[in-house]
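Structure data follow from data19.csv (CSV, C-alpha atoms):
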chain,number,residue,atom,x,y,z
A,1,MET,CA,57.4,99.3,5.7
A,2,GLU,CA,55.7,98.1,2.6
A,3,LYS,CA,52.6,96.0,3.1
A,4,LYS,CA,53.0,92.5,1.9
A,5,LYS,CA,50.8,91.6,-1.0
A,6,LYS,CA,48.4,88.7,-0.3
A,7,GLU,CA,49.6,85.6,-2.1
A,8,VAL,CA,46.9,84.2,-4.4
A,9,PRO,CA,46.9,80.4,-4.1
A,10,VAL,CA,48.0,78.7,-7.4
A,11,LEU,CA,45.0,77.1,-9.2
A,12,TRP,CA,46.3,76.3,-12.6
A,13,THR,CA,48.8,73.5,-11.9
A,14,LYS,CA,49.8,71.0,-14.6
A,15,SER,CA,47.9,68.2,-12.9
A,16,PHE,CA,44.7,70.3,-12.6
A,17,ILE,CA,44.8,71.2,-16.2
A,18,LEU,CA,45.4,67.5,-17.2
A,19,LEU,CA,42.6,66.4,-15.0
A,20,ILE,CA,40.2,68.9,-16.6
A,21,ILE,CA,41.2,67.9,-20.2
A,22,GLY,CA,41.1,64.2,-19.4
A,23,ASN,CA,37.7,64.4,-17.7
A,24,LEU,CA,36.3,66.4,-20.7
A,25,PHE,CA,37.3,63.6,-23.0
A,26,LEU,CA,35.9,61.0,-20.6
A,27,PHE,CA,32.6,62.8,-20.4
A,28,MET,CA,32.4,63.3,-24.2
A,29,SER,CA,33.2,59.7,-24.8
A,30,PHE,CA,30.4,58.6,-22.4
A,31,MET,CA,27.8,61.3,-23.4
A,32,MET,CA,28.1,60.4,-27.1
A,33,LEU,CA,26.6,57.1,-26.3
A,34,MET,CA,23.8,58.3,-24.0
A,35,PRO,CA,21.1,59.3,-26.5
A,36,THR,CA,21.9,56.4,-28.9
A,37,MET,CA,21.6,53.5,-26.5
A,38,PRO,CA,17.8,53.3,-26.6
A,39,PRO,CA,17.5,53.2,-30.4
A,40,GLN,CA,20.4,50.7,-30.6
A,41,ALA,CA,18.6,48.5,-28.1
A,42,LYS,CA,15.5,48.8,-30.3
A,43,ALA,CA,17.5,47.8,-33.3
A,44,LEU,CA,18.5,44.6,-31.4
A,45,GLY,CA,14.9,43.7,-30.9
A,46,ALA,CA,14.3,45.1,-27.4
A,47,THR,CA,10.8,45.3,-26.0
A,48,ASP,CA,9.5,48.6,-24.5
A,49,LEU,CA,10.4,47.4,-21.0
A,50,GLN,CA,14.0,46.5,-22.1
A,51,ILE,CA,14.4,49.8,-23.8
A,52,GLY,CA,13.5,51.5,-20.5
A,53,LEU,CA,16.0,49.2,-18.7
A,54,VAL,CA,18.8,50.6,-20.9
A,55,THR,CA,18.7,53.9,-18.9
A,56,SER,CA,17.4,52.6,-15.5
A,57,LEU,CA,19.9,49.7,-15.1
A,58,PHE,CA,22.8,52.1,-15.8
A,59,ALA,CA,21.6,54.7,-13.3
A,60,VAL,CA,20.9,52.1,-10.6
A,61,ALA,CA,24.4,50.6,-11.0
A,62,ALA,CA,26.1,54.0,-10.8
A,63,ILE,CA,24.1,55.1,-7.7
A,64,PHE,CA,24.8,51.7,-6.0
A,65,VAL,CA,28.5,51.7,-6.5
A,66,ARG,CA,29.3,55.3,-5.4
A,67,PRO,CA,29.0,54.6,-1.6
A,68,PHE,CA,31.7,51.9,-2.0
A,69,VAL,CA,33.9,54.3,-3.9
A,70,GLY,CA,33.5,57.0,-1.3
A,71,PHE,CA,34.5,54.6,1.4
A,72,VAL,CA,37.6,53.5,-0.6
A,73,LEU,CA,38.6,57.1,-1.1
A,74,GLU,CA,38.8,57.6,2.6
A,75,SER,CA,42.0,55.5,2.8
A,76,ASN,CA,43.5,55.0,-0.7
A,77,SER,CA,45.8,57.0,-3.0
A,78,ARG,CA,44.2,58.6,-6.0
A,79,LYS,CA,46.3,57.9,-9.0
A,80,TRP,CA,45.5,54.3,-9.6
A,81,LEU,CA,41.7,54.9,-9.1
A,82,VAL,CA,41.7,57.7,-11.7
A,83,VAL,CA,43.5,55.6,-14.3
A,84,VAL,CA,41.8,52.3,-13.7
A,85,GLY,CA,38.4,53.9,-13.9
A,86,ALA,CA,39.2,55.4,-17.3
A,87,VAL,CA,40.6,52.1,-18.6
A,88,VAL,CA,37.6,50.1,-17.6
A,89,LEU,CA,35.3,52.6,-19.3
A,90,PHE,CA,37.3,52.3,-22.5
A,91,ILE,CA,37.1,48.5,-22.4
A,92,LEU,CA,33.3,48.6,-21.8
A,93,THR,CA,32.8,51.1,-24.7
A,94,ILE,CA,34.6,48.8,-27.1
A,95,SER,CA,32.6,45.8,-25.8
A,96,TYR,CA,29.3,47.3,-27.2
A,97,SER,CA,30.5,46.3,-30.6
A,98,PHE,CA,30.2,42.7,-29.7
A,99,THR,CA,26.7,42.8,-28.1
A,100,TYR,CA,24.4,41.3,-30.7
A,101,MET,CA,21.9,40.0,-28.2
A,102,ILE,CA,19.7,42.4,-26.1
A,103,LEU,CA,20.4,40.5,-22.8
A,104,LEU,CA,24.2,40.8,-23.3
A,105,PHE,CA,23.7,44.5,-24.3
A,106,LEU,CA,21.8,45.1,-21.0
A,107,ALA,CA,24.5,43.3,-19.0
A,108,VAL,CA,27.2,45.5,-20.5
A,109,ARG,CA,25.1,48.5,-19.8
A,110,PHE,CA,24.7,47.6,-16.2
A,111,ILE,CA,28.5,47.0,-15.7
A,112,HIS,CA,29.1,50.3,-17.6
A,113,GLY,CA,27.0,52.0,-14.9
A,114,PHE,CA,29.3,50.7,-12.2
A,115,ALA,CA,32.4,51.9,-14.0
A,116,TRP,CA,30.9,55.3,-14.6
A,117,GLY,CA,30.0,55.7,-10.9
A,118,VAL,CA,33.5,54.9,-9.9
A,119,SER,CA,35.2,57.3,-12.4
A,120,THR,CA,33.0,60.3,-11.8
A,121,THR,CA,33.2,60.1,-8.1
A,122,VAL,CA,37.0,59.6,-8.0
A,123,ASN,CA,37.7,62.4,-10.6
A,124,GLY,CA,35.4,64.9,-8.9
A,125,THR,CA,37.1,64.2,-5.5
A,126,VAL,CA,40.6,64.6,-7.0
A,127,ALA,CA,39.6,67.9,-8.6
A,128,VAL,CA,38.6,69.3,-5.2
A,129,GLU,CA,41.9,68.1,-3.6
A,130,LEU,CA,43.9,69.8,-6.3
A,131,VAL,CA,42.1,73.2,-5.8
A,132,PRO,CA,43.2,75.6,-3.0
A,133,SER,CA,40.4,75.8,-0.4
A,134,LYS,CA,40.2,79.6,-0.8
A,135,ARG,CA,39.4,79.1,-4.6
A,136,ILE,CA,37.2,76.1,-4.4
A,137,GLY,CA,34.2,77.8,-6.1
A,138,GLU,CA,36.4,79.0,-9.0
A,139,GLY,CA,38.4,75.7,-9.2
A,140,VAL,CA,35.4,73.4,-9.1
A,141,GLY,CA,33.7,75.8,-11.6
A,142,TYR,CA,36.5,75.3,-14.2
A,143,PHE,CA,36.5,71.5,-13.5
A,144,GLY,CA,32.8,71.5,-14.0
A,145,LEU,CA,33.3,72.9,-17.5
A,146,SER,CA,34.5,69.5,-18.5
A,147,VAL,CA,31.3,68.0,-17.2
A,148,THR,CA,29.0,70.7,-18.6
A,149,ILE,CA,30.5,70.8,-22.1
A,150,GLY,CA,30.6,67.0,-22.2
A,151,MET,CA,26.9,66.8,-21.3
A,152,ILE,CA,25.9,69.6,-23.7
A,153,VAL,CA,28.0,69.0,-26.8
A,154,ALA,CA,28.6,65.3,-27.0
A,155,PRO,CA,25.0,64.0,-27.3
A,156,SER,CA,24.5,65.9,-30.6
A,157,VAL,CA,27.8,64.6,-31.9
A,158,GLY,CA,26.8,61.0,-31.0
A,159,ILE,CA,23.4,61.4,-32.6
A,160,PHE,CA,25.1,62.7,-35.8
A,161,LEU,CA,27.5,59.8,-36.0
A,162,TYR,CA,24.8,57.2,-35.2
A,163,GLN,CA,22.3,58.5,-37.8
A,164,ASN,CA,24.8,59.1,-40.6
A,165,PHE,CA,27.5,56.5,-40.1
A,166,GLY,CA,26.1,53.8,-37.9
A,167,PHE,CA,26.6,52.3,-34.4
A,168,GLN,CA,30.1,50.8,-35.1
A,169,THR,CA,31.5,54.2,-36.2
A,170,LEU,CA,30.0,55.8,-33.1
A,171,ILE,CA,31.8,53.2,-30.9
A,172,ILE,CA,35.1,53.9,-32.7
A,173,GLY,CA,34.6,57.7,-32.1
A,174,SER,CA,33.7,57.2,-28.4
A,175,ALA,CA,36.6,54.8,-27.8
A,176,THR,CA,39.1,57.2,-29.4
A,177,LEU,CA,38.1,59.9,-27.0
A,178,GLY,CA,38.3,57.4,-24.2
A,179,MET,CA,41.9,56.5,-25.1
A,180,VAL,CA,42.9,60.2,-25.2
A,181,ALA,CA,41.3,60.5,-21.7
A,182,ILE,CA,43.4,57.6,-20.3
A,183,VAL,CA,46.7,59.0,-21.6
A,184,THR,CA,45.9,62.5,-20.4
A,185,LEU,CA,44.8,61.4,-16.9
A,186,ALA,CA,47.8,59.1,-16.5
A,187,LEU,CA,50.1,62.1,-16.9
A,188,GLY,CA,48.8,63.9,-13.9
A,189,LYS,CA,50.0,63.8,-10.3
A,190,TYR,CA,47.2,63.7,-7.8
A,191,HIS,CA,47.5,64.7,-4.2
A,192,THR,CA,46.2,62.4,-1.4
A,193,PRO,CA,45.2,64.3,1.7
A,194,LYS,CA,47.3,63.6,4.9
A,195,SER,CA,44.2,62.4,6.8
A,196,VAL,CA,43.5,59.9,4.0
A,197,GLN,CA,47.2,58.6,4.0
A,198,GLU,CA,47.0,58.0,7.8
A,199,THR,CA,43.7,56.0,7.5
A,200,THR,CA,44.0,52.2,7.2
A,201,PHE,CA,41.6,50.5,4.8
A,202,ASN,CA,39.3,48.2,6.8
A,203,PRO,CA,36.4,46.6,4.9
A,204,LYS,CA,34.7,45.7,8.2
A,205,GLU,CA,34.1,49.4,8.9
A,206,PHE,CA,32.1,49.9,5.7
A,207,SER,CA,28.5,50.9,6.1
A,208,PHE,CA,26.5,51.3,2.9
A,209,PHE,CA,24.1,53.9,4.2
A,210,ARG,CA,26.8,55.9,6.0
A,211,ALA,CA,28.8,56.0,2.7
A,212,LEU,CA,25.7,56.7,0.7
A,213,PHE,CA,24.8,59.9,2.6
A,214,ASP,CA,26.9,62.8,3.9
A,215,LYS,CA,24.7,64.5,6.6
A,216,ASP,CA,26.6,67.8,6.3
A,217,SER,CA,25.9,68.1,2.5
A,218,TRP,CA,22.3,66.8,2.2
A,219,PHE,CA,20.7,70.2,1.5
A,220,PRO,CA,22.7,71.1,-1.7
A,221,ALA,CA,22.3,67.4,-2.8
A,222,VAL,CA,18.5,67.7,-2.7
A,223,VAL,CA,18.8,71.0,-4.6
A,224,THR,CA,20.9,69.1,-7.2
A,225,ILE,CA,18.2,66.5,-7.6
A,226,LEU,CA,15.6,69.1,-8.3
A,227,SER,CA,17.9,71.0,-10.8
A,228,THR,CA,18.8,67.9,-12.8
A,229,PHE,CA,15.1,66.8,-12.8
A,230,GLY,CA,14.4,70.0,-14.6
A,231,TYR,CA,17.3,69.5,-16.9
A,232,GLY,CA,16.2,66.0,-17.7
A,233,ALA,CA,13.4,67.5,-19.9
A,234,ILE,CA,16.1,68.9,-22.2
A,235,VAL,CA,18.2,65.7,-22.3
A,236,THR,CA,15.1,63.6,-23.1
A,237,PHE,CA,13.1,65.7,-25.5
A,238,ILE,CA,15.2,68.4,-27.2
A,239,VAL,CA,15.9,66.3,-30.4
A,240,ILE,CA,12.2,65.2,-30.7
A,241,PHE,CA,11.2,68.8,-30.0
A,242,GLY,CA,13.3,70.1,-32.9
A,243,GLU,CA,11.7,67.5,-35.2
A,244,GLU,CA,8.2,68.5,-34.1
A,245,ARG,CA,8.8,72.3,-34.6
A,246,GLY,CA,10.6,71.7,-37.9
A,247,ILE,CA,14.0,73.0,-36.6
A,248,ASP,CA,16.8,71.1,-38.2
A,249,GLN,CA,19.7,72.9,-36.6
A,250,ILE,CA,19.1,71.6,-33.1
A,251,PHE,CA,22.8,71.3,-32.5
A,252,LEU,CA,23.0,75.1,-32.3
A,253,TYR,CA,21.1,74.8,-29.0
A,254,TYR,CA,23.9,72.6,-27.5
A,255,PHE,CA,26.6,74.8,-29.1
A,256,CYS,CA,25.2,78.0,-27.6
A,257,ASN,CA,24.8,76.3,-24.3
A,258,ALA,CA,28.4,75.4,-24.2
A,259,ILE,CA,29.7,78.8,-25.3
A,260,MET,CA,27.6,80.7,-22.6
A,261,ALA,CA,28.5,78.1,-19.9
A,262,THR,CA,32.2,78.7,-20.7
A,263,ILE,CA,31.9,82.5,-20.7
A,264,ALA,CA,30.0,82.6,-17.4
A,265,ARG,CA,32.2,80.1,-15.6
A,266,PRO,CA,35.0,82.5,-14.4
A,267,ILE,CA,32.5,85.0,-13.2
A,268,SER,CA,30.3,82.4,-11.3
A,269,GLY,CA,33.3,80.7,-9.7
A,270,LYS,CA,34.7,84.0,-8.2
A,271,TRP,CA,31.1,84.9,-7.2
A,272,PHE,CA,30.8,81.7,-5.2
A,273,ASP,CA,34.1,82.2,-3.5
A,274,SER,CA,33.3,85.9,-2.5
A,275,LYS,CA,29.6,85.7,-1.7
A,276,GLY,CA,28.8,82.0,-1.2
A,277,PRO,CA,26.3,79.8,-3.1
A,278,TRP,CA,23.0,81.4,-2.3
A,279,SER,CA,22.7,84.5,-4.5
A,280,LEU,CA,24.5,82.6,-7.3
A,281,VAL,CA,22.1,79.7,-7.3
A,282,VAL,CA,19.1,82.0,-7.3
A,283,VAL,CA,20.3,84.0,-10.3
A,284,CYS,CA,21.3,80.8,-12.2
A,285,ALA,CA,17.8,79.3,-11.5
A,286,LEU,CA,16.1,82.5,-12.7
A,287,LEU,CA,18.1,82.4,-16.0
A,288,THR,CA,17.4,78.7,-16.4
A,289,ILE,CA,13.6,79.3,-16.0
A,290,ALA,CA,13.8,82.0,-18.6
A,291,GLY,CA,15.7,79.7,-20.9
A,292,LEU,CA,13.1,77.0,-20.6
A,293,TRP,CA,10.2,79.3,-21.3
A,294,VAL,CA,11.9,80.9,-24.3
A,295,LEU,CA,12.5,77.4,-25.6
A,296,SER,CA,8.9,76.4,-25.1
A,297,TYR,CA,7.8,79.2,-27.5
A,298,THR,CA,10.6,78.5,-30.0
A,299,TYR,CA,9.7,78.0,-33.7
A,300,SER,CA,12.8,79.4,-35.4
A,301,VAL,CA,16.5,79.0,-35.3
A,302,GLY,CA,16.9,82.6,-33.9
A,303,MET,CA,14.7,81.8,-30.9
A,304,LEU,CA,16.5,78.4,-30.5
A,305,ILE,CA,19.9,80.2,-30.2
A,306,LEU,CA,18.5,82.7,-27.7
A,307,ALA,CA,17.0,79.9,-25.6
A,308,GLY,CA,20.3,78.1,-25.7
A,309,CYS,CA,22.3,81.2,-24.6
A,310,ILE,CA,20.0,82.0,-21.7
A,311,PHE,CA,19.8,78.4,-20.5
A,312,GLY,CA,23.6,77.9,-20.9
A,313,ALA,CA,24.4,81.0,-18.8
A,314,GLY,CA,22.1,79.8,-16.0
A,315,TYR,CA,22.3,76.0,-15.9
A,316,GLY,CA,25.9,75.9,-17.0
A,317,SER,CA,26.9,77.8,-13.9
A,318,MET,CA,24.5,76.1,-11.6
A,319,LEU,CA,25.8,72.6,-11.6
A,320,PRO,CA,29.4,73.4,-10.6
A,321,ALA,CA,28.1,75.8,-8.0
A,322,LEU,CA,26.1,73.0,-6.5
A,323,GLN,CA,29.1,70.7,-6.5
A,324,ALA,CA,31.2,73.3,-4.8
A,325,TRP,CA,28.4,73.9,-2.3
A,326,VAL,CA,28.2,70.2,-1.5
A,327,LEU,CA,32.0,69.8,-1.1
A,328,SER,CA,32.4,73.0,0.9
A,329,LYS,CA,30.2,71.7,3.6
A,330,THR,CA,32.1,68.4,4.3
A,331,LYS,CA,35.3,67.3,5.9
A,332,PRO,CA,38.4,66.5,3.6
A,333,GLU,CA,38.2,62.7,4.4
A,334,GLN,CA,34.5,62.7,3.6
A,335,ARG,CA,34.8,64.4,0.2
A,336,GLY,CA,34.6,61.1,-1.6
A,337,ILE,CA,31.3,60.3,0.0
A,338,ALA,CA,29.9,63.8,-0.6
A,339,ASN,CA,31.1,63.8,-4.2
A,340,GLY,CA,29.5,60.4,-4.8
A,341,MET,CA,26.2,61.7,-3.3
A,342,TYR,CA,26.4,64.7,-5.6
A,343,TYR,CA,26.8,62.6,-8.8
A,344,SER,CA,24.2,60.2,-7.6
A,345,SER,CA,21.8,63.2,-7.2
A,346,ILE,CA,22.4,64.0,-10.9
A,347,ASP,CA,21.7,60.4,-12.0
A,348,LEU,CA,18.6,60.3,-9.8
A,349,GLY,CA,17.3,63.6,-11.0
A,350,ILE,CA,17.7,62.9,-14.7
A,351,GLY,CA,16.5,59.3,-14.3
A,352,LEU,CA,13.3,60.3,-12.5
A,353,SER,CA,12.7,63.1,-15.0
A,354,ALA,CA,12.9,60.7,-18.0
A,355,ILE,CA,10.2,58.5,-16.4
A,356,LEU,CA,7.8,61.1,-15.0
A,357,LEU,CA,8.1,63.7,-17.7
A,358,GLY,CA,7.9,60.9,-20.3
A,359,VAL,CA,4.4,60.1,-18.9
A,360,VAL,CA,3.5,63.8,-18.9
A,361,SER,CA,4.6,64.2,-22.5
A,362,SER,CA,1.9,61.7,-23.6
A,363,TYR,CA,-0.8,64.2,-22.5
A,364,VAL,CA,0.7,67.6,-23.4
A,365,GLU,CA,3.0,69.0,-26.1
A,366,LEU,CA,6.7,69.3,-25.4
A,367,GLY,CA,6.7,73.1,-25.1
A,368,THR,CA,4.4,72.6,-22.1
A,369,VAL,CA,6.7,69.9,-20.7
A,370,PHE,CA,9.6,72.5,-20.6
A,371,GLN,CA,7.3,74.9,-18.8
A,372,ILE,CA,6.3,72.3,-16.2
A,373,SER,CA,9.9,71.4,-15.6
A,374,SER,CA,10.7,75.0,-14.8
A,375,ILE,CA,8.7,74.6,-11.6
A,376,CYS,CA,11.7,72.6,-10.2
A,377,PHE,CA,13.8,75.7,-10.4
A,378,VAL,CA,11.2,77.8,-8.7
A,379,ILE,CA,11.3,75.3,-5.8
A,380,VAL,CA,15.2,75.6,-5.9
A,381,ILE,CA,14.9,79.4,-5.5
A,382,LEU,CA,12.6,79.0,-2.5
A,383,MET,CA,14.7,76.4,-0.8
A,384,THR,CA,17.9,78.4,-1.4
A,385,VAL,CA,16.4,81.6,0.1
A,386,ILE,CA,15.1,79.7,3.1
A,387,ASP,CA,18.5,78.2,3.7
A,388,TYR,CA,20.2,81.5,3.3
A,389,ARG,CA,18.0,83.0,6.0
A,390,LYS,CA,18.5,80.0,8.2
A,391,GLN,CA,22.3,80.3,7.9
A,392,LYS,CA,22.2,84.0,8.6
A,393,GLN,CA,20.3,83.4,11.8
A,394,VAL,CA,22.8,80.7,12.9
A,395,LYS,CA,25.7,83.2,12.3
A,396,LYS,CA,23.9,85.9,14.2
A,397,LYS,CA,23.4,83.6,17.2
A,398,GLN,CA,27.1,82.5,17.1
A,399,SER,CA,28.3,86.1,17.0
A,400,THR,CA,26.0,86.9,19.9
A,401,VAL,CA,27.3,84.0,22.0
A,402,ALA,CA,30.9,85.0,21.2
A,403,VAL,CA,30.3,88.5,22.4
Starting from the file, give its structure as structure tokens.
Amino acid sequence: MEKKKKEVPVLWTKSFILLIIGNLFLFMSFMMLMPTMPPQAKALGATDLQIGLVTSLFAVAAIFVRPFVGFVLESNSRKWLVVVGAVVLFILTISYSFTYMILLFLAVRFIHGFAWGVSTTVNGTVAVELVPSKRIGEGVGYFGLSVTIGMIVAPSVGIFLYQNFGFQTLIIGSATLGMVAIVTLALGKYHTPKSVQETTFNPKEFSFFRALFDKDSWFPAVVTILSTFGYGAIVTFIVIFGEERGIDQIFLYYFCNAIMATIARPISGKWFDSKGPWSLVVVCALLTIAGLWVLSYTYSVGMLILAGCIFGAGYGSMLPALQAWVLSKTKPEQRGIANGMYYSSIDLGIGLSAILLGVVSSYVELGTVFQISSICFVIVILMTVIDYRKQKQVKKKQSTVAV
């Protein structure tokens, strides 16, 4: 008798592809605005404190709303949450065109944070539910490309539009991408787990702290905070760094980041599924450290490209690996909460980085700031190795008991 071939679970369904494309446009629409909000606030007459609030208010709102979204996801269908989130983000993007007073601008920014928290949590949860459990690392890795490319490419596009064509043109560009995201996301069919369908929504059962924190996934969430804290140095200072070093083609750093992240993604996803997160996270952290140090010594376009390629290969694979790690440790009905915790970890890491490394940058040059931020990834390596050994001991004890 012929041996039956093992069936490989289908990953590339129509809905999964539409979700990736829609989420890419959503992230690009949002990330185009990210680096241009502080200068626009300044143009409206904002004080230094108000300029700082542009970022902090947004982050606080996003972190605050995610526990509520995680709770709602425990008992609600996915489709309407995906589409409504994208529509609200589109409306808020357009509303920036009518904010001529700084207080109104800050108010819109705060509400925008709520909408962003909802959309990222819902879309990330839906992605996991569309992916076969045996290919979660690979599937989340591909979905993570929409996040990574959006985070890497869109900021430079936004800066280009803002500096050359003005704020209103930037809003039009961002809103156009947002509209494409709405249409694309609306075409997908999103599976709602049976355990969720059987759960009745009861607001009285809501607990903010229970929905804020998933005890099974706390470790990879802490690793995520450290990783994004290190990445925050790039987000905050890369454009200023290019100006200081006399490198005009700073967009090449983002471009090379995106290319290497895309190339590495299929490899890293399969690596996660076959060997788990530990070795993958360690290798990614080492590459990220190397990328940061090469960048710190960069004075030419060639070195900039090299730094971008190394960093992209490392960090571009690390984020989706961390998300897959978070979600692989939680129950299906808890994925909304775990996903919200993951994205809140990103916001918290980058937000803290902007504040703390901003203070450090007033005392040392930016090349040194990148070197200092690499310490975060050294800690990530140590934590990951310790967790690997701990998990190995737990399995050893379990196998001994079973015998």
Just checking: using all atoms listed in the file, which residue out of A:Thr169, A:Thr36, A:Ser156, A:Asn23 ends up closest to Ile94 of chain A?
A:Thr169
Selection: 10 Å around segment 284-296 of chain A, all atoms listed in the file, excl. self and same-chain fewer than 5 positions, as a compact mmCIF listing (two decimals) with C-alpha atoms, in the frame of the given file:
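Final file, result30.txt:
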# COMPACT_ATOMS: atom_id res chain seq x y z
CA SER A 227 17.90 71.00 -10.80
CA GLY A 230 14.40 70.00 -14.60
CA TYR A 231 17.30 69.50 -16.90
CA ALA A 233 13.40 67.50 -19.90
CA ILE A 234 16.10 68.90 -22.20
CA ILE A 238 15.20 68.40 -27.20
CA PHE A 241 11.20 68.80 -30.00
CA TYR A 253 21.10 74.80 -29.00
CA SER A 268 30.30 82.40 -11.30
CA SER A 279 22.70 84.50 -4.50
CA MET A 303 14.70 81.80 -30.90
CA LEU A 304 16.50 78.40 -30.50
CA ILE A 305 19.90 80.20 -30.20
CA LEU A 306 18.50 82.70 -27.70
CA ALA A 307 17.00 79.90 -25.60
CA GLY A 308 20.30 78.10 -25.70
CA CYS A 309 22.30 81.20 -24.60
CA ILE A 310 20.00 82.00 -21.70
CA PHE A 311 19.80 78.40 -20.50
CA GLY A 312 23.60 77.90 -20.90
CA ALA A 313 24.40 81.00 -18.80
CA GLY A 314 22.10 79.80 -16.00
CA TYR A 315 22.30 76.00 -15.90
CA GLY A 316 25.90 75.90 -17.00
CA SER A 317 26.90 77.80 -13.90
CA MET A 318 24.50 76.10 -11.60
CA LEU A 319 25.80 72.60 -11.60
CA ALA A 321 28.10 75.80 -8.00
CA GLU A 365 3.00 69.00 -26.10
CA LEU A 366 6.70 69.30 -25.40
CA GLY A 367 6.70 73.10 -25.10
CA THR A 368 4.40 72.60 -22.10
CA VAL A 369 6.70 69.90 -20.70
CA PHE A 370 9.60 72.50 -20.60
CA GLN A 371 7.30 74.90 -18.80
CA ILE A 372 6.30 72.30 -16.20
CA SER A 373 9.90 71.40 -15.60
CA SER A 374 10.70 75.00 -14.80
CA ILE A 375 8.70 74.60 -11.60
CA CYS A 376 11.70 72.60 -10.20
CA PHE A 377 13.80 75.70 -10.40
CA VAL A 378 11.20 77.80 -8.70
CA ILE A 379 11.30 75.30 -5.80
CA VAL A 380 15.20 75.60 -5.90
CA ILE A 381 14.90 79.40 -5.50
Just to confirm, what's the straight-line distance from atom CA of Leu130 of chain A to atom CA of Arg335 of chain A in Å (one decimal)?
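Those two atoms sit 12.4 Å apart.
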Any idea what the distance is between atom CA of Phe90 of chain A and atom CA of His112 of chain A?
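Spanning atom CA of Phe90 of chain A to atom CA of His112 of chain A is a straight-line distance of 9.8 Å.
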Just the residues within 7 Å of segment 80-86 of chain A, please, counting all atoms listed in the file, with nothing from its chain fewer than 4 positions along; format it as a PDB file with C-alpha atoms, in the coordinates of the input.
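Generated output (selection-v5.pdb):
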ATOM      1  CA  PHE A  90      37.300  52.300 -22.500  1.00  0.00           C
ATOM      2  CA  ALA A 115      32.400  51.900 -14.000  1.00  0.00           C
ATOM      3  CA  VAL A 118      33.500  54.900  -9.900  1.00  0.00           C
ATOM      4  CA  SER A 119      35.200  57.300 -12.400  1.00  0.00           C
ATOM      5  CA  VAL A 122      37.000  59.600  -8.000  1.00  0.00           C
ATOM      6  CA  ASN A 123      37.700  62.400 -10.600  1.00  0.00           C
ATOM      7  CA  ILE A 182      43.400  57.600 -20.300  1.00  0.00           C
ATOM      8  CA  LEU A 185      44.800  61.400 -16.900  1.00  0.00           C
ATOM      9  CA  ALA A 186      47.800  59.100 -16.500  1.00  0.00           C
TER      10      ALA A 186
END
Calculate how many Å separate atom CA of Ser217 of chain A from atom CA of Thr330 of chain A, rounding to one decimal.
6.5 Å
Given only C-alpha atoms as the basis, pick out the residue of A:Gly349, A:Pro67, A:Pro35, A:Pro155 nearest to Gly232 of chain A.
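Closest candidate: A:Gly349.
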Measuring atom to atom with all atoms listed in the file, identify which of A:Ser146, A:Ser174, A:Thr13, A:Thr228 is nearest to Pro132 of chain A.
A:Thr13
Distance query Arg389 of chain A at most 12 Å, all atoms listed in the file, self and fewer than 6 positions along chain excluded, as a list in words:
Trp278, Ser279, Leu382, Met383, Lys395 and Lys396 of chain A
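Proximity of A:Leu177, A:Ile247, A:Ile111, A:Ala62 to Thr298 of chain A, computed with only C-alpha atoms, is greatest for A:Ile247.
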